[in-house]
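start14.cif (mmCIF, C-alpha atoms) appears below.
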data_entry
loop_
_atom_site.label_atom_id
_atom_site.label_comp_id
_atom_site.auth_asym_id
_atom_site.auth_seq_id
_atom_site.Cartn_x
_atom_site.Cartn_y
_atom_site.Cartn_z
CA MET K 195 -10.92 -9.53 -70.91
CA PRO K 196 -8.13 -7.33 -69.44
CA ASN K 197 -8.90 -4.96 -66.58
CA THR K 198 -9.61 -1.32 -67.32
CA LYS K 199 -6.43 0.69 -66.75
CA LEU K 200 -6.14 4.16 -65.24
CA GLU K 201 -3.01 6.19 -64.52
CA THR K 202 -2.19 8.70 -61.80
CA THR K 203 0.87 9.97 -59.97
CA CYS K 204 -0.23 9.01 -56.46
CA CYS K 205 -2.91 6.45 -55.63
CA VAL K 206 -4.29 6.89 -52.10
CA VAL K 207 -6.10 3.79 -50.82
CA GLY K 208 -8.71 4.70 -48.23
CA GLY K 209 -10.89 7.78 -47.88
CA GLY K 210 -10.40 8.33 -44.15
CA PRO K 211 -8.78 11.34 -42.46
CA ALA K 212 -5.22 10.42 -43.50
CA GLY K 213 -6.16 9.64 -47.09
CA VAL K 214 -8.37 12.63 -47.79
CA MET K 215 -6.04 15.10 -46.07
CA LEU K 216 -3.03 13.76 -47.98
CA ALA K 217 -4.89 13.88 -51.29
CA TYR K 218 -6.04 17.45 -50.62
CA LEU K 219 -2.51 18.60 -49.79
CA LEU K 220 -0.97 16.87 -52.83
CA ALA K 221 -3.64 18.19 -55.21
CA ARG K 222 -3.06 21.65 -53.75
CA GLU K 223 0.58 21.28 -54.86
CA GLY K 224 -0.40 20.19 -58.38
CA VAL K 225 0.21 16.45 -57.94
CA ALA K 226 -2.21 14.15 -59.78
CA VAL K 227 -3.80 12.07 -57.01
CA THR K 228 -6.60 9.50 -56.99
CA VAL K 229 -8.36 8.40 -53.80
CA LEU K 230 -10.02 4.98 -53.71
CA GLU K 231 -12.80 4.59 -51.14
CA LYS K 232 -14.59 1.24 -50.97
CA HIS K 233 -17.88 2.61 -49.57
CA LYS K 234 -20.46 4.67 -51.44
CA ASP K 235 -20.25 7.49 -48.90
CA PHE K 236 -18.31 8.56 -45.80
CA PHE K 237 -21.10 7.77 -43.36
CA ARG K 238 -19.82 5.50 -40.59
CA ASP K 239 -21.15 5.88 -37.04
CA PHE K 240 -18.96 5.77 -33.94
CA ARG K 241 -15.82 6.73 -35.85
CA GLY K 242 -13.31 9.14 -34.35
CA ASP K 243 -14.79 12.62 -34.48
CA THR K 244 -12.60 14.70 -32.16
CA VAL K 245 -10.77 17.34 -34.18
CA HIS K 246 -8.00 18.55 -31.89
CA PRO K 247 -6.34 21.98 -31.73
CA SER K 248 -3.36 20.62 -33.70
CA THR K 249 -5.65 19.77 -36.64
CA LEU K 250 -7.54 23.06 -36.33
CA GLU K 251 -4.16 24.84 -36.49
CA LEU K 252 -3.51 23.14 -39.82
CA MET K 253 -6.87 24.39 -41.08
CA TYR K 254 -5.78 27.88 -40.09
CA GLU K 255 -2.47 27.52 -41.93
CA LEU K 256 -4.35 26.32 -45.03
CA GLY K 257 -6.67 29.34 -44.89
CA ILE K 258 -9.84 27.23 -44.53
CA LEU K 259 -10.46 27.43 -40.78
CA ASP K 260 -13.34 29.92 -41.02
CA ASP K 261 -15.14 27.69 -43.52
CA PHE K 262 -14.44 24.61 -41.43
CA LEU K 263 -15.94 26.14 -38.29
CA LYS K 264 -19.16 26.84 -40.21
CA VAL K 265 -19.75 23.08 -40.34
CA PRO K 266 -22.00 22.14 -37.38
CA HIS K 267 -19.90 21.04 -34.39
CA GLN K 268 -19.60 21.28 -30.63
CA GLN K 269 -16.63 22.75 -28.79
CA LEU K 270 -14.98 20.83 -25.99
CA THR K 271 -12.90 23.03 -23.69
CA SER K 272 -12.11 20.60 -20.89
CA VAL K 273 -12.00 16.93 -19.96
CA GLY K 274 -12.96 15.76 -16.51
CA GLY K 275 -14.31 12.77 -14.71
CA ALA K 276 -15.27 11.05 -11.53
CA PHE K 277 -13.43 8.18 -9.89
CA GLY K 278 -16.02 6.87 -7.49
CA ASP K 279 -17.17 9.99 -5.63
CA PHE K 280 -13.99 11.96 -6.42
CA ALA K 281 -14.61 14.49 -9.24
CA PHE K 282 -11.64 15.97 -11.08
CA ARG K 283 -10.62 17.94 -14.16
CA LEU K 284 -7.86 16.35 -16.22
CA ALA K 285 -7.27 18.77 -19.11
CA ASP K 286 -8.18 22.39 -19.86
CA PHE K 287 -7.91 23.17 -23.58
CA SER K 288 -8.99 26.78 -23.07
CA SER K 289 -5.51 27.55 -21.74
CA LEU K 290 -3.76 26.52 -24.97
CA ARG K 291 -2.10 29.26 -27.02
CA THR K 292 -3.41 28.08 -30.35
CA ASN K 293 -5.82 29.70 -32.79
CA CYS K 294 -8.52 27.34 -31.52
CA ASN K 295 -8.18 26.46 -27.85
CA PHE K 296 -10.83 23.74 -27.94
CA VAL K 297 -11.53 20.33 -29.44
CA ALA K 298 -14.14 20.41 -32.20
CA LEU K 299 -16.60 17.52 -31.99
CA MET K 300 -17.72 16.84 -35.54
CA PRO K 301 -19.02 13.64 -37.18
CA GLN K 302 -16.20 12.17 -39.22
CA TRP K 303 -18.33 12.09 -42.35
CA ASP K 304 -18.79 15.88 -42.13
CA PHE K 305 -15.03 16.31 -41.67
CA LEU K 306 -14.35 14.16 -44.75
CA ASP K 307 -17.09 15.79 -46.83
CA PHE K 308 -15.58 19.18 -46.03
CA LEU K 309 -12.00 18.20 -46.91
CA SER K 310 -12.94 16.32 -50.08
CA GLY K 311 -15.10 19.28 -51.14
CA LYS K 312 -12.09 21.57 -50.81
CA ALA K 313 -9.91 19.07 -52.70
CA LYS K 314 -12.36 18.92 -55.62
CA GLN K 315 -11.47 22.54 -56.39
CA PHE K 316 -8.17 21.24 -57.78
CA PRO K 317 -8.22 19.58 -61.22
CA SER K 318 -5.53 17.07 -60.22
CA PHE K 319 -7.76 15.51 -57.52
CA ALA K 320 -9.99 12.50 -58.20
CA LEU K 321 -12.17 10.65 -55.68
CA ARG K 322 -13.49 7.25 -56.75
CA MET K 323 -16.19 5.93 -54.41
CA GLN K 324 -17.12 2.22 -54.33
CA ASN K 325 -13.60 1.41 -55.51
CA GLU K 326 -12.12 -1.25 -53.23
CA ALA K 327 -8.39 -1.81 -53.61
CA VAL K 328 -7.83 -5.55 -53.26
CA ASP K 329 -4.23 -6.13 -54.35
CA LEU K 330 -0.97 -4.49 -55.26
CA ILE K 331 0.52 -4.43 -58.73
CA ALA K 332 4.24 -5.15 -58.43
CA LYS K 333 6.96 -5.35 -61.08
CA ASP K 334 10.74 -5.59 -60.80
CA GLY K 335 10.66 -5.36 -57.01
CA ARG K 336 8.55 -2.19 -56.92
CA VAL K 337 4.87 -1.44 -56.37
CA ARG K 338 3.40 0.01 -59.55
CA GLY K 339 -0.22 0.48 -58.54
CA VAL K 340 -3.28 -1.39 -57.28
CA THR K 341 -6.10 -3.53 -58.56
CA ALA K 342 -9.55 -2.39 -57.43
CA ASN K 343 -13.03 -3.83 -57.62
CA THR K 344 -15.62 -1.32 -58.82
CA PRO K 345 -19.32 -1.45 -59.78
CA ASP K 346 -18.15 -1.54 -63.42
CA GLY K 347 -15.65 -4.34 -62.93
CA PRO K 348 -11.96 -4.64 -61.99
CA VAL K 349 -9.70 -1.64 -62.59
CA ASP K 350 -5.92 -1.37 -62.52
CA ILE K 351 -4.73 2.00 -61.21
CA VAL K 352 -1.11 2.48 -62.25
CA SER K 353 0.80 5.03 -60.19
CA ASP K 354 4.26 6.18 -59.17
CA LEU K 355 3.33 5.78 -55.50
CA VAL K 356 0.64 3.93 -53.56
CA VAL K 357 -0.18 5.25 -50.08
CA GLY K 358 -2.11 2.83 -47.89
CA CYS K 359 -4.55 4.75 -45.70
CA ASP K 360 -7.05 1.93 -45.41
CA GLY K 361 -7.17 1.55 -41.65
CA ARG K 362 -6.21 -1.00 -39.04
CA HIS K 363 -7.36 -3.88 -41.26
CA SER K 364 -5.40 -2.58 -44.23
CA ARG K 365 -5.46 -4.74 -47.35
CA MET K 366 -2.40 -2.90 -48.62
CA ARG K 367 -0.18 -3.75 -45.68
CA GLU K 368 -1.43 -7.33 -45.82
CA ALA K 369 -0.70 -7.59 -49.54
CA ALA K 370 2.80 -6.21 -48.96
CA GLY K 371 3.51 -8.67 -46.17
CA PHE K 372 4.42 -5.96 -43.67
CA GLU K 373 5.31 -7.10 -40.16
CA VAL K 374 2.88 -5.83 -37.53
CA GLN K 375 4.02 -5.35 -33.93
CA GLU K 376 1.13 -5.91 -31.52
CA PHE K 377 0.93 -4.42 -28.02
CA GLY K 378 -1.45 -6.02 -25.57
CA VAL K 379 -4.58 -4.05 -24.71
CA PRO K 380 -6.80 -5.10 -21.76
CA ILE K 381 -9.91 -3.21 -22.89
CA ASP K 382 -12.67 -3.07 -25.46
CA VAL K 383 -15.26 -0.30 -25.84
CA LEU K 384 -19.03 -0.55 -26.34
CA TRP K 385 -20.31 2.55 -28.15
CA PHE K 386 -23.95 3.64 -28.00
CA ARG K 387 -26.10 6.77 -27.77
CA ILE K 388 -28.12 8.28 -24.93
CA SER K 389 -30.07 11.54 -25.12
CA ARG K 390 -28.95 14.66 -23.23
CA VAL K 391 -31.00 17.04 -21.10
CA GLY K 392 -30.37 20.58 -19.91
CA ASN K 393 -28.46 19.89 -16.70
CA ASP K 394 -26.15 17.20 -18.13
CA PRO K 395 -22.39 17.81 -18.29
CA GLU K 396 -21.35 20.16 -21.09
CA GLN K 397 -17.85 18.73 -21.35
CA LEU K 398 -16.46 15.24 -21.84
CA ALA K 399 -16.75 13.21 -18.68
CA GLY K 400 -15.34 9.88 -17.63
CA ASN K 401 -16.95 7.91 -14.84
CA ILE K 402 -15.08 5.05 -13.15
CA ASN K 403 -16.99 2.86 -10.72
CA TYR K 404 -18.16 -0.69 -10.04
CA GLY K 405 -15.41 -2.31 -12.11
CA LYS K 406 -16.15 -0.37 -15.30
CA ALA K 407 -15.59 3.01 -16.91
CA LEU K 408 -18.14 5.06 -18.82
CA ILE K 409 -17.15 7.88 -21.18
CA LEU K 410 -19.80 10.45 -22.09
CA ILE K 411 -19.04 12.73 -25.04
CA PRO K 412 -21.61 15.57 -25.42
CA ARG K 413 -22.92 15.71 -29.00
CA GLY K 414 -25.66 18.34 -29.05
CA ASP K 415 -28.86 16.59 -28.02
CA TYR K 416 -27.22 13.24 -27.26
CA PHE K 417 -24.19 11.64 -25.62
CA GLN K 418 -21.88 9.40 -27.57
CA ALA K 419 -21.35 6.93 -24.76
CA GLY K 420 -18.54 4.44 -24.47
CA LEU K 421 -18.53 1.70 -21.84
CA ILE K 422 -14.98 0.44 -21.31
CA ILE K 423 -15.00 -3.27 -20.57
CA ARG K 424 -12.50 -6.05 -20.01
CA LYS K 425 -11.19 -7.29 -23.36
CA GLY K 426 -13.21 -10.15 -24.78
CA SER K 427 -16.00 -9.85 -22.21
CA PHE K 428 -18.76 -8.65 -24.56
CA PRO K 429 -20.28 -12.16 -25.04
CA GLU K 430 -20.47 -12.50 -21.26
CA ILE K 431 -22.22 -9.10 -21.03
CA GLN K 432 -24.69 -10.14 -23.73
CA GLN K 433 -25.38 -13.38 -21.90
CA ARG K 434 -26.32 -11.43 -18.76
CA GLY K 435 -28.91 -9.58 -20.82
CA LEU K 436 -29.70 -6.05 -21.98
CA GLU K 437 -31.45 -5.08 -18.76
CA ALA K 438 -28.30 -5.90 -16.77
CA PHE K 439 -26.27 -3.81 -19.23
CA ARG K 440 -28.61 -0.84 -18.77
CA ASN K 441 -28.44 -1.22 -15.00
CA ASP K 442 -24.63 -1.17 -15.15
CA VAL K 443 -24.68 2.10 -17.10
CA ARG K 444 -27.27 3.66 -14.76
CA ARG K 445 -25.27 2.63 -11.68
CA ILE K 446 -22.09 4.27 -12.99
CA ALA K 447 -23.89 7.49 -14.03
CA PRO K 448 -27.10 7.70 -11.95
CA TYR K 449 -28.14 11.04 -13.48
CA LEU K 450 -28.89 9.24 -16.77
CA GLY K 451 -31.90 7.68 -15.03
CA GLU K 452 -34.53 6.16 -17.30
CA ARG K 453 -32.73 7.37 -20.42
CA VAL K 454 -30.73 4.15 -20.39
CA GLU K 455 -33.94 2.48 -21.63
CA GLU K 456 -33.24 4.14 -25.00
CA VAL K 457 -30.75 1.31 -25.62
CA ARG K 458 -33.46 -1.14 -26.67
CA ASP K 459 -31.47 -3.65 -28.68
CA TRP K 460 -27.95 -5.02 -29.00
CA GLU K 461 -27.99 -3.56 -32.50
CA HIS K 462 -27.76 -0.13 -30.84
CA ILE K 463 -24.38 -1.08 -29.37
CA LYS K 464 -21.17 -1.12 -31.43
CA LEU K 465 -18.20 -3.15 -30.22
CA LEU K 466 -14.79 -1.58 -30.78
CA SER K 467 -12.09 -4.20 -30.32
CA VAL K 468 -9.29 -1.94 -29.14
CA GLN K 469 -5.87 -2.49 -30.68
CA ILE K 470 -2.50 -0.82 -30.39
CA ASN K 471 -0.06 -1.90 -33.05
CA ARG K 472 2.34 -0.50 -35.62
CA LEU K 473 4.35 -1.65 -38.57
CA ARG K 474 8.02 -2.34 -38.05
CA GLN K 475 8.60 -0.79 -41.49
CA TRP K 476 6.03 1.48 -43.12
CA TYR K 477 7.26 1.37 -46.70
CA ARG K 478 8.52 -0.65 -49.65
CA PRO K 479 9.61 0.71 -53.03
CA GLY K 480 6.51 2.40 -54.47
CA LEU K 481 4.38 1.87 -51.33
CA LEU K 482 3.90 3.77 -48.07
CA CYS K 483 1.44 3.18 -45.22
CA ILE K 484 0.31 5.98 -42.89
CA GLY K 485 -2.45 6.58 -40.35
CA ASP K 486 -4.12 3.51 -38.85
CA ALA K 487 -2.68 1.37 -41.64
CA ALA K 488 0.77 2.06 -40.13
CA HIS K 489 -0.22 2.36 -36.47
CA ALA K 490 -3.56 1.46 -34.91
CA MET K 491 -4.27 3.60 -31.85
CA SER K 492 -6.48 3.17 -28.82
CA PRO K 493 -9.41 5.62 -28.53
CA ALA K 494 -7.74 6.93 -25.35
CA GLY K 495 -7.42 10.70 -25.75
CA GLY K 496 -9.22 10.62 -29.11
CA VAL K 497 -5.86 11.19 -30.80
CA GLY K 498 -6.11 8.67 -33.67
CA ILE K 499 -7.68 10.97 -36.26
CA ASN K 500 -5.23 13.74 -35.43
CA LEU K 501 -2.14 11.51 -35.66
CA ALA K 502 -3.43 10.32 -39.04
CA VAL K 503 -3.78 13.92 -40.23
CA GLN K 504 -0.28 14.71 -38.94
CA ASP K 505 1.07 11.74 -40.92
CA ALA K 506 -0.61 13.12 -44.04
CA VAL K 507 0.93 16.56 -43.57
CA ALA K 508 4.43 15.13 -43.09
CA THR K 509 3.99 12.90 -46.14
CA ALA K 510 2.87 15.82 -48.33
CA ASN K 511 5.66 18.07 -47.04
CA ILE K 512 8.31 15.48 -47.88
CA LEU K 513 6.93 13.92 -51.07
CA ALA K 514 4.96 16.57 -52.98
CA GLU K 515 7.93 17.96 -54.92
CA PRO K 516 9.51 14.52 -55.59
CA LEU K 517 6.14 13.27 -56.85
CA ARG K 518 5.89 16.19 -59.27
CA GLN K 519 9.38 15.37 -60.53
CA GLY K 520 8.86 11.60 -60.63
CA ARG K 521 11.72 10.85 -58.24
CA VAL K 522 10.21 9.31 -55.11
CA THR K 523 12.94 7.11 -53.69
CA GLU K 524 12.91 4.53 -50.91
CA ALA K 525 15.09 6.90 -48.88
CA LEU K 526 12.32 9.53 -49.00
CA LEU K 527 9.73 7.00 -47.85
CA GLU K 528 12.03 6.07 -44.98
CA ARG K 529 12.26 9.76 -44.14
CA VAL K 530 8.47 9.90 -43.70
CA GLN K 531 8.62 7.00 -41.26
CA ARG K 532 11.50 8.56 -39.34
CA ARG K 533 9.57 11.82 -39.10
CA ARG K 534 6.39 10.27 -37.77
CA GLU K 535 7.61 7.22 -35.87
CA PHE K 536 8.71 9.00 -32.70
CA PRO K 537 5.36 10.79 -32.11
CA THR K 538 3.59 7.49 -32.79
CA VAL K 539 5.73 5.48 -30.39
CA VAL K 540 5.49 8.10 -27.62
CA THR K 541 1.70 8.25 -27.93
CA GLN K 542 1.33 4.47 -27.96
CA PHE K 543 3.69 4.21 -24.97
CA LEU K 544 1.45 6.59 -23.01
CA GLN K 545 -1.71 4.76 -24.10
CA VAL K 546 -0.37 1.33 -23.16
CA ASN K 547 0.57 2.55 -19.69
CA ALA K 548 -2.74 4.37 -19.24
CA HIS K 549 -4.58 1.12 -20.00
CA LYS K 550 -2.76 -0.72 -17.24
CA GLY K 551 -4.87 1.19 -14.73
CA PHE K 552 -8.03 -0.40 -16.11
CA GLU K 553 -6.82 -3.85 -15.10
CA LYS K 554 -7.05 -2.71 -11.47
CA VAL K 555 -10.47 -1.14 -12.10
CA PHE K 556 -11.83 -4.40 -13.53
CA ARG K 557 -10.68 -6.33 -10.46
CA ASN K 558 -12.89 -4.27 -8.14
CA PRO K 559 -16.60 -4.73 -8.95
CA GLY K 560 -17.65 -2.70 -5.93
CA PRO K 561 -17.77 1.06 -5.29
CA ALA K 562 -14.51 2.66 -6.44
CA THR K 563 -12.22 4.78 -4.30
CA ALA K 564 -9.88 7.20 -6.05
CA PRO K 565 -6.22 6.32 -5.47
CA TRP K 566 -4.09 8.91 -3.73
CA GLN K 567 -1.81 9.07 -6.77
CA LEU K 568 -4.67 10.41 -8.92
CA LYS K 569 -5.60 12.99 -6.30
CA ALA K 570 -1.98 14.10 -6.06
CA VAL K 571 -1.48 14.40 -9.83
CA VAL K 572 -4.63 16.42 -10.57
CA SER K 573 -3.75 18.84 -7.76
CA VAL K 574 -0.37 19.76 -9.28
CA PRO K 575 -0.50 23.40 -10.47
CA GLY K 576 -0.59 23.61 -14.25
CA ILE K 577 -1.23 19.91 -14.82
CA GLN K 578 -4.49 20.60 -16.68
CA TYR K 579 -2.53 22.76 -19.14
CA VAL K 580 0.19 20.12 -19.56
CA MET K 581 -2.39 17.40 -20.25
CA ALA K 582 -4.23 19.65 -22.69
CA ARG K 583 -0.93 20.26 -24.50
CA ILE K 584 -0.09 16.56 -24.70
CA VAL K 585 -3.58 15.52 -25.84
CA GLY K 586 -4.61 18.56 -27.90
CA VAL K 587 -1.32 19.42 -29.62
CA GLY K 588 0.66 16.22 -29.27
CA VAL K 589 4.29 15.31 -29.83
CA LEU K 590 6.17 17.11 -32.64
CA PRO K 591 3.09 18.59 -34.36
CA GLU K 592 3.37 19.12 -38.11
CA HIS K 593 2.81 22.35 -40.03
CA ILE K 594 1.97 23.07 -43.65
CA ALA K 595 5.29 23.55 -45.47
CA ALA K 596 4.21 26.62 -47.42
CA ALA K 597 2.41 28.25 -44.49
CA LYS K 598 3.83 30.91 -42.22
CA LYS K 599 5.31 29.16 -39.21
CA PRO K 600 3.99 30.03 -35.73
CA PRO K 601 6.37 31.40 -33.10
CA ALA K 602 8.95 28.84 -32.01
CA CYS K 603 7.21 28.06 -28.74
CA PRO K 604 4.51 30.39 -27.36
CA VAL K 605 4.19 28.20 -24.25
CA PRO K 606 5.07 29.62 -20.82
CA LYS K 607 8.50 28.49 -19.63
CA LEU K 608 7.30 26.40 -16.68
CA ALA K 609 4.78 24.61 -18.88
CA ARG K 610 7.49 23.89 -21.47
CA ILE K 611 9.65 22.37 -18.74
CA ALA K 612 6.73 20.27 -17.47
CA VAL K 613 5.87 18.98 -20.95
CA ALA K 614 9.52 18.20 -21.68
CA ALA K 615 9.97 16.39 -18.38
CA GLY K 616 6.84 14.35 -18.95
CA LEU K 617 7.95 13.28 -22.40
CA ALA K 618 11.60 12.73 -21.51
CA VAL K 619 10.90 9.61 -19.47
CA ALA K 620 8.90 8.09 -22.31
CA GLY K 621 11.45 9.29 -24.83
CA VAL K 622 14.40 7.52 -23.22
CA ALA K 623 12.63 4.17 -23.13
CA ILE K 624 11.37 4.59 -26.67
CA ALA K 625 14.74 5.61 -28.04
CA VAL K 626 16.30 2.45 -26.61
CA ARG K 627 13.61 0.33 -28.26
CA LEU K 628 14.06 2.03 -31.63
CA LEU K 629 17.82 1.54 -31.51
CA ARG K 630 17.31 -2.17 -30.91
CA ARG K 631 14.83 -2.55 -33.75
CA ARG K 632 15.80 -4.97 -36.43
CA ARG K 633 14.35 -4.63 -39.91
CA ALA K 634 13.20 -7.81 -41.55
CA SER K 635 14.34 -8.56 -45.09
CA PHE K 636 11.74 -8.53 -47.85
CA GLY K 637 11.60 -9.41 -51.51
CA TRP K 638 8.90 -9.33 -54.14
CA SER K 639 8.09 -12.58 -55.85
#
Mind turning this structure into structure tokens?
Amino acid sequence: MPNTKLETTCCVVGGGPAGVMLAYLLAREGVAVTVLEKHKDFFRDFRGDTVHPSTLELMYELGILDDFLKVPHQQLTSVGGAFGDFAFRLADFSSLRTNCNFVALMPQWDFLDFLSGKAKQFPSFALRMQNEAVDLIAKDGRVRGVTANTPDGPVDIVSDLVVGCDGRHSRMREAAGFEVQEFGVPIDVLWFRISRVGNDPEQLAGNINYGKALILIPRGDYFQAGLIIRKGSFPEIQQRGLEAFRNDVRRIAPYLGERVEEVRDWEHIKLLSVQINRLRQWYRPGLLCIGDAAHAMSPAGGVGINLAVQDAVATANILAEPLRQGRVTEALLERVQRRREFPTVVTQFLQVNAHKGFEKVFRNPGPATAPWQLKAVVSVPGIQYVMARIVGVGVLPEHIAAAKKPPACPVPKLARIAVAAGLAVAGVAIAVRLLRRRRASFGWS
């Protein structure tokens, strides 16, 4: 019996931030778009839930910011930490000249429910839950759609364009045979929850001591806690036992006290195997990958969700009109990659180099002493603003094509110079690497 067949203009595989934002923007422009999400809902714990000022700015440009801020969330205005007994503030988002000078902490499922709810107002939008795309449909050297497993049996979704937004383990990029460039990462993260009390830190705090690093993200009445560990060492930690794990956490952040006993089982701990990678080429005729499917990010800076959203905006800006006219060419898909590759490479370059510091942390299991370089950097006037700009706004932020553009650069002159200088060093090295890149040949069978 042949598969059921459906038709659409754009088939978006994956109902994460990149997929839902892209579908919303395309439907807003009158493009028929179908989103395939393999799960029955958006609920997934310990997913990225930091909505940065760059994403909030997009909500403003779309005219939905007021509604978005009605969704329960916390507001993060600064990021600080402690390296041994040296406390410091790394970034101050309150100094940003954006409509929202804070990071909104919101469960990712609420973010996706909000966006998909807005998208459903447009008749050209369709969201198909429990539809798992498992293969590409290709003909005459071009992707023509996907095959999906559904509760009612296999379905073929025929489309002019498939956009893979199905995460770092993307079935679409695997089916296409895309080449993935891997960049070594020395860390993994163990996510878990611990309750908060009245005198706990109100802002995100990182604690580095005793050969480990503990991140505490305030989430109302609890912390989303992340213990940064040496890559591949989780089995060793489990072998030492849960009590030893709790003691490690308590030693790094003594004020947590007996609350560490709330972690009663290994089931309460989620291992994130940290990866940094990206595709050498993000597209083939009829197929484009964006978000984590094109470039898996480290959780450092919480920028993954926001880069994915930026990818979606660039894709919609470039492809909405061609999709309406049925003329999406390979050159246009290449244009999307060119637009988003530089911000991706710069961010990954910064993350890779930031991770190198953890190798030194892991080598010292005793009490930590802050290096003089850290003390010097955080004492530089304006550095908290510069870091807030890099993390909260990012490199080459996107804007909604039809929205009124903000002033060219409302940033004070000295801060602009500092940001430019900080990115220039990374930019030179990255530009050299991009110029040397060789594209592999590819052909459909």
Nearest residue to Ala562 in chain K from the set K:Val340, K:Gly392, K:Asn401, K:Tyr254 (distances using all atoms listed in the file):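 The answer is K:Asn401, which sits nearest to Ala562 in chain K.
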All residues 10 Å or closer to range 267-279 of chain K, all atoms listed in the file, same chain fewer than 6 positions away omitted, as a ChimeraX atom specification: /K:243-246,285-290,294-301,304-305,395-404,407-414,446-447,495,560-565,568-569,578-579,581-582
Result set, the PyMOL selection byres ((chain K and resi 517-521) around 8) on current file, as a list of chain:residue names: K:Thr203, K:Cys204, K:Gly224, K:Val225, K:Asp354, K:Leu513, K:Ala514, K:Glu515, K:Pro516, K:Val522, K:Thr523
Evaluated on this file, the PyMOL selection byres ((chain K and resi 591) around 9) picks out some residues - which ones are they, written as a PDB file with C-alpha atoms, in the frame of the given file?
ATOM      1  CA  SER K 248      -3.360  20.620 -33.700  1.00  0.00           C
ATOM      2  CA  LEU K 501      -2.140  11.510 -35.660  1.00  0.00           C
ATOM      3  CA  GLN K 504      -0.280  14.710 -38.940  1.00  0.00           C
ATOM      4  CA  PRO K 537       5.360  10.790 -32.110  1.00  0.00           C
ATOM      5  CA  VAL K 587      -1.320  19.420 -29.620  1.00  0.00           C
ATOM      6  CA  GLY K 588       0.660  16.220 -29.270  1.00  0.00           C
ATOM      7  CA  VAL K 589       4.290  15.310 -29.830  1.00  0.00           C
ATOM      8  CA  LEU K 590       6.170  17.110 -32.640  1.00  0.00           C
ATOM      9  CA  GLU K 592       3.370  19.120 -38.110  1.00  0.00           C
ATOM     10  CA  HIS K 593       2.810  22.350 -40.030  1.00  0.00           C
TER      11      HIS K 593
END
CA of His489 in chain K to CA of Glu376 in chain K, straight-line distance in Å: 9.7 Å
Selection under test: the PyMOL selection byres ((chain K and resi 487) around 9); residues as a count of residues only: 20
List as a CSV table (one decimal) with C-alpha atoms, in the coordinates of the input the protein and nucleic acid residues near Val391 in chain K, meaning an atom at most 9 Å away when all atoms listed in the file are counted, but skip any in the same chain fewer than 2 places from it.
chain,number,residue,atom,x,y,z
K,389,SER,CA,-30.1,11.5,-25.1
K,393,ASN,CA,-28.5,19.9,-16.7
K,394,ASP,CA,-26.2,17.2,-18.1
K,415,ASP,CA,-28.9,16.6,-28.0
K,416,TYR,CA,-27.2,13.2,-27.3
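In this model, the gap between CA of Ala332 in chain K and CA of Ala313 in chain K comes to 28.6 Å.
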Point-to-point distance from CA of Ala502 in chain K to CA of Gln545 in chain K, Å rounded to tenths: 16.0 Å
Distance query Leu219 in chain K at most 12 Å, all atoms listed in the file, self and fewer than 6 positions along chain excluded, as a VMD selection string: chain K and resid 204 212 to 213 225 to 227 252 to 253 255 to 256 309 to 310 312 to 316 318 to 319 503 to 515 593 to 596
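Counting all atoms listed in the file, the residue from K:Gly257, K:Gly496, K:Pro348, K:Gly210 that sits nearest to Ala597 in chain K is K:Gly257.
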Counting only C-alpha atoms, the option among K:Phe236, K:Arg474, K:Asn441, K:Glu553 closest to Gln531 in chain K: K:Arg474
Residue contacts of Thr341 in chain K (8 Å, all atoms listed in the file) excluding same-chain residues fewer than 2 positions away, as JSON, numbers by chain: {"K": [327, 328, 329, 330, 331, 339, 343, 348, 349, 350, 351]}
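If you measure from each of K:Val530, K:Met323, K:Ile431, K:Ile381 to Lys550 in chain K using all atoms listed in the file, the closest one turns out to be K:Ile381.
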All residues 8 Å or closer to Leu436 in chain K, all atoms listed in the file, same chain fewer than 5 positions away omitted, as a ChimeraX atom specification: /K:458-460
Put those residues in a file: C-alpha atoms, as a JSON list (two decimals), in the coordinates of the input.
[["chain", "number", "residue", "atom", "x", "y", "z"],
["K", 458, "ARG", "CA", -33.46, -1.14, -26.67],
["K", 459, "ASP", "CA", -31.47, -3.65, -28.68],
["K", 460, "TRP", "CA", -27.95, -5.02, -29.00]]
